[in-house]
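Undergrad: This is data.cif, which holds mmCIF, C-alpha atoms:
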data_model
#
loop_
_atom_site.label_atom_id
_atom_site.label_comp_id
_atom_site.auth_asym_id
_atom_site.auth_seq_id
_atom_site.Cartn_x
_atom_site.Cartn_y
_atom_site.Cartn_z
CA MET A 482 163.64 82.71 30.58
CA LYS A 483 164.70 79.10 30.10
CA PHE A 484 162.69 76.02 30.94
CA THR A 485 163.73 72.50 29.98
CA GLY A 486 160.89 70.04 29.50
CA HIS A 487 161.07 66.53 30.93
CA LEU A 488 158.64 63.88 29.66
CA LEU A 489 157.57 61.46 32.39
CA ASP A 490 154.94 59.50 30.49
CA ASN A 491 153.38 59.59 27.02
CA THR A 492 151.19 56.48 27.35
CA PHE A 493 148.54 58.07 29.52
CA LYS A 494 145.21 58.74 27.80
CA SER A 495 143.36 61.96 28.70
CA VAL A 496 145.55 62.85 31.69
CA TYR A 497 143.78 65.45 33.82
CA GLY A 498 143.97 65.21 37.62
CA LEU A 499 147.37 66.38 38.88
CA THR A 500 149.15 67.12 42.13
CA VAL A 501 152.56 66.85 43.81
CA ALA A 502 153.49 65.36 47.18
CA ASP A 503 156.32 63.47 48.85
CA ILE A 504 154.73 60.03 48.65
CA ASN A 505 157.68 57.92 49.83
CA GLY A 506 159.04 60.29 52.47
CA ASP A 507 162.46 60.83 50.90
CA GLY A 508 162.21 64.62 51.02
CA GLN A 509 161.57 65.00 47.29
CA LEU A 510 158.31 65.94 45.62
CA ASP A 511 156.73 63.20 43.53
CA ILE A 512 154.12 63.76 40.82
CA ILE A 513 150.65 62.19 40.88
CA ALA A 514 148.39 62.11 37.82
CA GLY A 515 144.98 60.67 36.99
CA SER A 516 143.18 59.91 33.74
CA THR A 517 139.65 60.78 32.68
CA GLY A 518 139.86 58.33 29.77
CA GLU A 519 141.13 55.16 31.45
CA PRO A 520 140.99 53.77 35.01
CA ILE A 521 144.44 54.91 36.07
CA ILE A 522 146.01 57.04 38.78
CA ALA A 523 149.79 56.79 38.96
CA TRP A 524 152.57 58.44 40.90
CA TYR A 525 156.03 59.19 39.56
CA GLU A 526 158.94 58.85 41.95
CA ALA A 527 161.49 61.66 41.99
CA PRO A 528 164.17 62.10 40.84
CA HIS A 529 164.14 59.37 38.13
CA TRP A 530 160.35 59.26 37.73
CA LYS A 531 159.66 55.57 38.07
CA ARG A 532 155.93 55.03 37.60
CA HIS A 533 153.92 53.41 40.42
CA LEU A 534 150.28 52.40 40.12
CA VAL A 535 147.87 53.94 42.64
CA THR A 536 144.69 52.45 41.19
CA ASN A 537 143.36 50.85 38.02
CA GLN A 538 139.75 51.01 39.15
CA ASP A 539 136.95 53.16 37.71
CA SER A 540 137.87 56.22 35.62
CA GLY A 541 137.24 59.93 35.33
CA HIS A 542 139.97 60.84 37.86
CA ILE A 543 139.73 64.55 37.18
CA THR A 544 140.94 66.19 40.38
CA ILE A 545 143.34 65.13 43.16
CA ALA A 546 144.47 66.64 46.47
CA PRO A 547 147.11 65.06 48.78
CA TYR A 548 146.66 65.02 52.54
CA ASP A 549 147.64 62.70 55.39
CA LEU A 550 144.16 61.79 56.60
CA THR A 551 145.29 58.87 58.76
CA GLY A 552 148.04 60.76 60.58
CA ASN A 553 150.73 58.18 59.83
CA GLY A 554 153.03 60.66 58.07
CA THR A 555 152.28 59.49 54.52
CA PRO A 556 150.03 61.52 52.22
CA ASP A 557 146.77 59.93 51.18
CA LEU A 558 144.95 61.13 48.06
CA ILE A 559 141.52 62.79 48.03
CA VAL A 560 140.11 62.30 44.53
CA GLY A 561 137.15 63.37 42.42
CA SER A 562 136.32 60.46 40.09
CA GLY A 563 133.66 59.30 37.67
CA PHE A 564 133.89 62.32 35.36
CA PHE A 565 133.91 62.12 31.58
CA ARG A 566 132.23 64.64 29.30
CA GLY A 567 131.41 62.13 26.58
CA VAL A 568 129.11 60.05 28.78
CA ASN A 569 126.70 60.70 31.61
CA ALA A 570 128.98 61.56 34.52
CA ALA A 571 126.15 61.70 37.04
CA GLY A 572 127.92 58.83 38.77
CA GLY A 573 130.72 61.17 39.84
CA TYR A 574 131.91 60.78 43.40
CA LEU A 575 134.36 62.01 46.01
CA HIS A 576 136.61 59.45 47.71
CA TRP A 577 140.03 59.09 49.26
CA LEU A 578 142.73 56.56 48.56
CA GLU A 579 144.59 55.32 51.61
CA ALA A 580 148.33 55.08 51.13
CA PRO A 581 149.59 51.50 51.67
CA GLY A 582 152.19 50.56 54.23
CA GLN A 583 154.53 49.33 51.51
CA ASP A 584 155.07 50.17 47.85
CA GLY A 585 153.26 47.76 45.56
CA GLN A 586 150.35 47.22 47.90
CA ASN A 587 146.88 48.43 47.01
CA TRP A 588 145.68 51.94 47.80
CA LYS A 589 142.26 51.35 49.35
CA SER A 590 139.39 53.55 48.21
CA HIS A 591 137.07 55.02 50.86
CA HIS A 592 133.84 56.64 49.69
CA ILE A 593 133.08 60.15 50.97
CA ALA A 594 130.07 61.31 48.94
CA ASP A 595 128.31 61.03 45.60
CA VAL A 596 129.00 64.24 43.70
CA PRO A 597 127.52 64.12 40.18
CA PHE A 598 129.78 65.81 37.64
CA ILE A 599 132.49 66.51 40.21
CA HIS A 600 135.14 68.66 38.54
CA ARG A 601 137.44 70.39 41.06
CA ILE A 602 138.60 69.96 44.65
CA ALA A 603 141.11 71.99 46.64
CA LEU A 604 142.39 72.16 50.20
CA THR A 605 142.22 75.58 51.80
CA ASN A 606 143.23 77.34 55.01
CA LEU A 607 140.13 79.19 56.14
CA SER A 608 141.26 79.89 59.70
CA GLY A 609 144.43 81.87 59.01
CA GLY A 610 146.12 79.70 61.63
CA GLY A 611 149.34 79.06 59.73
CA SER A 612 150.63 76.02 57.87
CA ASN A 613 149.78 73.62 60.70
CA ALA A 614 146.08 74.49 60.68
CA THR A 615 143.78 71.69 59.53
CA PRO A 616 142.53 72.66 56.08
CA PHE A 617 139.01 72.50 54.73
CA LEU A 618 138.15 70.86 51.42
CA ILE A 619 136.38 72.81 48.68
CA VAL A 620 134.43 70.66 46.21
CA ALA A 621 132.88 71.87 42.95
CA SER A 622 130.71 70.19 40.33
CA ILE A 623 130.63 71.57 36.79
CA ARG A 624 126.90 70.94 36.25
CA GLY A 625 123.86 69.28 37.78
CA GLU A 626 122.25 65.92 37.09
CA ASP A 627 119.44 67.19 34.85
CA GLY A 628 120.03 66.81 31.13
CA LYS A 629 121.85 64.60 28.67
CA PRO A 630 125.62 64.43 28.12
CA GLY A 631 126.75 67.64 26.44
CA GLU A 632 123.88 69.68 27.87
CA TRP A 633 124.81 72.43 30.32
CA HIS A 634 121.55 74.00 31.46
CA SER A 635 121.62 72.31 34.87
CA PRO A 636 123.79 74.29 37.31
CA GLY A 637 126.72 72.92 39.25
CA SER A 638 127.37 73.42 42.94
CA LEU A 639 130.04 74.41 45.43
CA TRP A 640 130.59 72.85 48.87
CA CYS A 641 132.90 73.22 51.84
CA TYR A 642 133.87 69.96 53.56
CA GLU A 643 135.36 69.57 56.99
CA LEU A 644 138.10 66.92 57.00
CA SER A 645 137.03 63.98 59.13
CA GLY A 646 139.02 62.84 62.15
CA THR A 647 137.72 59.32 61.43
CA PRO A 648 137.98 59.39 57.63
CA ARG A 649 137.17 55.70 57.03
CA ASP A 650 133.69 56.37 58.43
CA THR A 651 131.75 57.83 55.51
CA VAL A 652 129.04 59.43 57.67
CA SER A 653 131.70 61.38 59.60
CA TRP A 654 132.38 63.65 56.61
CA LYS A 655 130.37 66.87 56.95
CA SER A 656 129.67 69.34 54.15
CA HIS A 657 128.19 72.81 53.83
CA LEU A 658 126.58 73.88 50.55
CA LEU A 659 127.86 77.29 49.43
CA ASP A 660 126.08 77.67 46.08
CA ASP A 661 123.96 75.50 43.79
CA GLY A 662 123.39 77.91 40.91
CA LEU A 663 126.71 77.88 39.02
CA HIS A 664 126.44 76.97 35.34
CA ILE A 665 129.50 75.39 33.67
CA ASN A 666 131.26 75.70 37.02
CA HIS A 667 134.71 74.99 35.60
CA GLY A 668 137.50 76.83 37.42
CA LEU A 669 138.45 76.79 41.11
CA SER A 670 141.37 78.71 42.61
CA ILE A 671 142.39 79.17 46.23
CA ASN A 672 143.95 82.59 46.85
CA ASP A 673 143.89 85.20 49.61
CA VAL A 674 142.09 87.82 47.52
CA ASP A 675 141.88 90.54 50.20
CA GLN A 676 145.16 89.54 51.92
CA ASP A 677 143.59 89.12 55.35
CA GLY A 678 145.61 85.97 56.07
CA ARG A 679 142.78 83.56 55.21
CA ASP A 680 142.24 81.79 51.92
CA ASP A 681 139.37 82.78 49.68
CA VAL A 682 137.69 80.77 46.93
CA LEU A 683 137.55 81.98 43.33
CA ILE A 684 135.11 80.37 40.90
CA SER A 685 134.93 80.87 37.14
CA CYS A 686 131.66 79.89 35.46
CA THR A 687 128.94 81.08 33.08
CA GLU A 688 127.72 83.63 35.64
CA GLY A 689 131.20 85.15 35.68
CA LEU A 690 134.17 85.45 37.98
CA ILE A 691 133.06 85.05 41.60
CA TRP A 692 134.88 85.50 44.90
CA TYR A 693 133.59 83.57 47.92
CA GLU A 694 134.81 84.99 51.23
CA PRO A 695 134.76 82.63 54.23
CA PRO A 696 133.03 83.64 57.46
CA VAL A 697 134.44 82.94 60.92
CA ASN A 698 132.52 79.64 60.99
CA PRO A 699 132.76 78.33 57.41
CA MET A 700 130.66 75.22 58.06
CA THR A 701 127.64 77.00 59.47
CA ASP A 702 127.61 80.68 58.52
CA ASP A 703 126.89 82.35 55.19
CA TRP A 704 129.88 83.12 52.98
CA GLY A 705 130.39 86.47 51.30
CA LYS A 706 129.79 86.33 47.55
CA TRP A 707 131.30 89.07 45.39
CA LEU A 708 131.08 89.35 41.60
CA ILE A 709 134.35 90.43 39.97
CA SER A 710 133.02 90.16 36.41
CA ASP A 711 129.83 88.91 34.79
CA ARG A 712 131.69 87.57 31.74
CA GLU A 713 131.71 83.80 31.26
CA CYS A 714 135.10 82.35 32.19
CA SER A 715 136.69 79.00 32.93
CA ASP A 716 139.93 79.43 34.92
CA THR A 717 141.17 82.04 37.38
CA PHE A 718 144.01 83.07 39.71
CA ALA A 719 144.64 86.02 42.04
CA ALA A 720 148.00 87.75 42.60
CA ASP A 721 149.43 91.24 42.94
CA ILE A 722 150.64 91.61 39.36
CA ASP A 723 151.41 95.33 39.40
CA GLY A 724 153.01 95.39 42.85
CA ASP A 725 150.69 97.99 44.38
CA GLY A 726 149.77 95.80 47.35
CA VAL A 727 146.32 94.90 46.00
CA ASN A 728 145.66 91.63 44.22
CA GLU A 729 144.62 91.51 40.60
CA ILE A 730 142.57 88.60 39.27
CA LEU A 731 143.35 86.64 36.11
CA ALA A 732 140.85 84.71 34.02
CA ILE A 733 140.44 82.75 30.80
CA GLU A 734 137.34 83.88 28.92
CA PRO A 735 134.89 82.48 27.87
CA TRP A 736 134.64 78.79 28.85
CA HIS A 737 137.67 77.03 27.28
CA GLY A 738 138.11 80.36 25.57
CA ASN A 739 140.70 82.30 23.62
CA ASN A 740 141.12 85.33 25.90
CA LEU A 741 143.60 85.64 28.75
CA VAL A 742 142.66 88.71 30.81
CA TRP A 743 143.39 90.41 34.11
CA TYR A 744 141.14 92.51 36.32
CA LYS A 745 142.28 95.43 38.44
CA ALA A 746 140.31 96.78 41.39
CA THR A 747 139.15 100.38 41.03
CA GLY A 748 138.23 100.88 44.68
CA ASP A 749 136.47 98.69 47.23
CA LEU A 750 137.22 95.06 46.35
CA ARG A 751 133.71 93.91 47.17
CA THR A 752 131.48 96.63 45.79
CA ASP A 753 133.32 98.71 43.18
CA PRO A 754 133.88 97.65 39.55
CA TRP A 755 136.98 95.80 38.42
CA GLU A 756 138.73 97.06 35.27
CA ARG A 757 139.33 94.44 32.56
CA HIS A 758 142.57 94.22 30.53
CA LEU A 759 143.32 91.79 27.70
CA ILE A 760 146.70 90.01 27.67
CA ASP A 761 146.24 87.56 24.76
CA ASP A 762 143.34 86.62 22.49
CA THR A 763 144.97 83.73 20.62
CA LEU A 764 144.45 80.82 23.02
CA ASN A 765 142.82 77.71 21.59
CA ARG A 766 140.77 76.14 24.39
CA GLY A 767 142.60 77.98 27.15
CA HIS A 768 143.15 75.83 30.24
CA SER A 769 144.98 76.47 33.53
CA LEU A 770 146.90 79.57 34.61
CA ALA A 771 149.08 80.95 37.39
CA ALA A 772 150.94 84.15 38.28
CA VAL A 773 154.31 83.65 39.98
CA ASP A 774 157.81 85.13 40.07
CA VAL A 775 159.76 82.51 38.12
CA ASP A 776 163.03 84.45 37.81
CA ASP A 777 163.14 85.95 41.31
CA ASP A 778 163.21 89.55 40.08
CA GLY A 779 160.29 90.69 42.21
CA ILE A 780 157.91 90.85 39.23
CA LEU A 781 155.19 88.27 38.64
CA GLU A 782 154.93 86.48 35.32
CA VAL A 783 151.76 84.78 34.05
CA ILE A 784 151.84 81.15 32.86
CA CYS A 785 148.96 79.88 30.75
CA GLY A 786 148.35 77.01 28.35
CA TYR A 787 145.75 75.62 25.99
CA ASN A 788 144.74 72.16 24.81
CA GLY A 789 143.14 72.85 21.42
CA GLU A 790 145.05 72.70 18.15
CA GLY A 791 148.55 74.02 18.78
CA THR A 792 148.68 72.54 22.35
CA SER A 793 151.14 75.04 23.80
CA LEU A 794 152.29 76.54 27.09
CA HIS A 795 153.37 80.19 27.35
CA LEU A 796 154.79 82.68 29.80
CA TYR A 797 153.71 86.33 29.73
CA ARG A 798 156.06 88.94 31.10
CA PRO A 799 154.67 92.40 31.99
CA GLU A 800 156.76 95.13 30.38
CA ASN A 801 154.59 98.20 30.92
CA LEU A 802 151.37 97.55 32.83
CA ALA A 803 150.35 101.20 32.67
CA HIS A 804 149.89 100.61 28.93
CA ASN A 805 149.10 96.88 29.31
CA HIS A 806 152.18 95.77 27.39
CA TRP A 807 153.22 92.12 27.78
CA ARG A 808 155.93 89.98 26.18
CA LYS A 809 154.90 86.44 25.30
CA GLU A 810 157.49 83.65 25.61
CA THR A 811 157.00 80.02 24.62
CA ILE A 812 157.67 77.27 27.15
CA ASP A 813 156.29 74.36 25.08
CA ASP A 814 155.39 74.74 21.40
CA GLY A 815 152.95 72.00 20.48
CA GLY A 816 153.90 69.36 23.04
CA LEU A 817 151.43 69.97 25.88
CA GLY A 818 147.65 70.18 25.69
CA VAL A 819 147.33 71.14 29.34
CA GLY A 820 144.72 69.73 31.68
CA GLN A 821 146.03 70.96 35.01
CA MET A 822 149.24 72.67 36.07
CA GLN A 823 151.13 73.34 39.28
CA VAL A 824 154.02 75.76 39.72
CA VAL A 825 156.31 74.56 42.50
CA ASP A 826 160.01 74.13 43.29
CA MET A 827 160.57 70.49 42.35
CA THR A 828 164.33 70.36 42.92
CA GLY A 829 164.76 72.36 46.13
CA ASN A 830 166.99 74.97 44.49
CA GLY A 831 164.63 77.87 45.18
CA ARG A 832 163.44 78.22 41.58
CA LEU A 833 159.84 77.57 40.58
CA ASP A 834 159.28 74.76 38.09
CA ILE A 835 156.12 73.75 36.23
CA VAL A 836 154.35 70.39 36.44
CA ALA A 837 151.54 69.67 33.99
CA SER A 838 149.15 67.00 32.77
CA GLY A 839 148.59 66.76 29.02
CA LEU A 840 144.84 66.28 28.62
CA SER A 841 144.79 66.33 24.82
CA THR A 842 148.39 65.20 24.29
CA GLY A 843 148.25 62.18 26.59
CA ASN A 844 151.39 62.94 28.59
CA VAL A 845 152.80 64.04 31.92
CA LYS A 846 155.63 66.60 31.87
CA TRP A 847 157.58 68.87 34.12
CA TYR A 848 159.54 71.93 33.09
CA GLU A 849 162.74 72.62 34.97
CA ASN A 850 163.47 76.29 35.58
CA LEU A 851 167.08 76.87 34.53
CA THR A 852 167.06 80.61 35.06
CA SER A 853 170.43 81.65 36.49
#
Please, can you express the file's structure as structure tokens?
TA:
Amino acid sequence: MKFTGHLLDNTFKSVYGLTVADINGDGQLDIIAGSTGEPIIAWYEAPHWKRHLVTNQDSGHITIAPYDLTGNGTPDLIVGSGFFRGVNAAGGYLHWLEAPGQDGQNWKSHHIADVPFIHRIALTNLSGGGSNATPFLIVASIRGEDGKPGEWHSPGSLWCYELSGTPRDTVSWKSHLLDDGLHINHGLSINDVDQDGRDDVLISCTEGLIWYEPPVNPMTDDWGKWLISDRECSDTFAADIDGDGVNEILAIEPWHGNNLVWYKATGDLRTDPWERHLIDDTLNRGHSLAAVDVDDDGILEVICGYNGEGTSLHLYRPENLAHNHWRKETIDDGGLGVGQMQVVDMTGNGRLDIVASGLSTGNVKWYENLTS
């Protein structure tokens, strides 16, 4: 497996929020990154990665999702801002930045809601209506308002938002609270766990690894809530790793932990136990993971990084899952302390590349998949 790393920026303190979108409409994916340590969101223009400023206001830009809210054909940015662990982040909020008509003009911020300690957002297809269906927005806070910085006894929450047809009108944004009892509510992943054609929501927190299943009416009805594991965890992803037609679920345990694990269903996905398997126990502040087929051989590989000492990114290749044997390959040895990661074809050649923000290394990088 061969990836070549490309450094876009190494002047970006505490880069965290990350996404990709075609900002300028040239048919190529651009990279958008936000800082939790300085008041910057920037986008990098493919293919030469010229940096453009989105905003230099506020800080704590921890999570970003692109979507054309105005219907003019240009993606706007939905952003969770105001987060920083070292200070009281109770001023966290959800807003969207309206794409300007011309490059160099200001992206205007529109407030959606105050969300203390906002930590993750994600767009999700809850209707199963195909790629043209209007998505919903999942919003998660890592903790509640009670307590001082560094205290984690106050639980975070999980909401489902309906995208507004008049997004500049703050009161037009409607939300539905899914859960308000999630301690250290760190990880959010959107996957179709039961493969029914609709997205599900996976949460990793102190209470464990939790699957939220959407009802027919996600803004009014109760969601299904199913516990995969009661072990504390901080990131998750679902995919059919062993190719048996049933999704497995990956996790990093505990919070910012050293263990990369996968869970296999033993029967009914909702009621029967899930069997835990350890892949690697040498992560140092594990952060972000995905399972994808990067070499197009029909077998999924796992990509996972960490942002503690060593700051590395690795790929894990299953060699014998019946005996839980994996081969570990290094993608970046010491040059990426990952905040967030996306695995996507950046060049249009059909191969999956990796885009990542360097939270502890202060950089933005992408890794070009050169597999033949």
Undergrad: List as a list in words the protein and nucleic acid residues near Arg798 in chain A, meaning an atom at most 8 Å away when all atoms listed in the file are counted, but skip any in the same chain fewer than 2 places from it.
TA: Leu781, Glu782, Val783, Leu796, Glu800, Trp807, Arg808, Lys809 and Glu810 of chain A
Undergrad: Can I get the selection written as a compact mmCIF listing (two decimals), in the coordinates of the input, with C-alpha atoms?
TA:
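Full text of result32.txt as output:
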# COMPACT_ATOMS: atom_id res chain seq x y z
CA LEU A 781 155.19 88.27 38.64
CA GLU A 782 154.93 86.48 35.32
CA VAL A 783 151.76 84.78 34.05
CA LEU A 796 154.79 82.68 29.80
CA GLU A 800 156.76 95.13 30.38
CA TRP A 807 153.22 92.12 27.78
CA ARG A 808 155.93 89.98 26.18
CA LYS A 809 154.90 86.44 25.30
CA GLU A 810 157.49 83.65 25.61
Undergrad: I'd like to know which of A:Glu849, A:Asp539, A:Asp753, A:Asp673 is closest to Phe718 in chain A, using all atoms listed in the file.
TA: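 Of A:Glu849, A:Asp539, A:Asp753, A:Asp673, the one nearest Phe718 in chain A, counting all atoms listed in the file, is A:Asp673.
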Undergrad: List the neighbours of range 543-546 of chain A out to 7 Å using only C-alpha atoms; skip same-chain residues closer than 2 positions along the sequence, and give me the result as a list of chain:residue names.
TA: A:Tyr497, A:Gly498, A:Leu499, A:Thr500, A:Gly515, A:Ser516, A:Thr517, A:Gly541, A:Tyr548, A:Leu558, A:Ile559, A:Val560, A:Gly561, A:Ser562, A:Phe564, A:His600, A:Arg601, A:Ile602, A:Ala603, A:Leu604
Undergrad: Any chance you can output those residues with C-alpha atoms as an mmCIF file, in the coordinates of the input?
TA:
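The result, stored in result.cif:
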data_model
loop_
_atom_site.group_PDB
_atom_site.id
_atom_site.type_symbol
_atom_site.label_atom_id
_atom_site.label_comp_id
_atom_site.auth_asym_id
_atom_site.auth_seq_id
_atom_site.Cartn_x
_atom_site.Cartn_y
_atom_site.Cartn_z
ATOM 1 C CA TYR A 497 143.780 65.450 33.820
ATOM 2 C CA GLY A 498 143.970 65.210 37.620
ATOM 3 C CA LEU A 499 147.370 66.380 38.880
ATOM 4 C CA THR A 500 149.150 67.120 42.130
ATOM 5 C CA GLY A 515 144.980 60.670 36.990
ATOM 6 C CA SER A 516 143.180 59.910 33.740
ATOM 7 C CA THR A 517 139.650 60.780 32.680
ATOM 8 C CA GLY A 541 137.240 59.930 35.330
ATOM 9 C CA TYR A 548 146.660 65.020 52.540
ATOM 10 C CA LEU A 558 144.950 61.130 48.060
ATOM 11 C CA ILE A 559 141.520 62.790 48.030
ATOM 12 C CA VAL A 560 140.110 62.300 44.530
ATOM 13 C CA GLY A 561 137.150 63.370 42.420
ATOM 14 C CA SER A 562 136.320 60.460 40.090
ATOM 15 C CA PHE A 564 133.890 62.320 35.360
ATOM 16 C CA HIS A 600 135.140 68.660 38.540
ATOM 17 C CA ARG A 601 137.440 70.390 41.060
ATOM 18 C CA ILE A 602 138.600 69.960 44.650
ATOM 19 C CA ALA A 603 141.110 71.990 46.640
ATOM 20 C CA LEU A 604 142.390 72.160 50.200
#
Undergrad: Could you work out how far CA of Gly668 in chain A lies from CA of Asp681 in chain A, giving the answer in Å with one decimal?
TA: 13.8 Å
Undergrad: Work out how far CA of Gly779 in chain A is from CA of Gln509 in chain A, in Å to one decimal.
TA: 26.2 Å
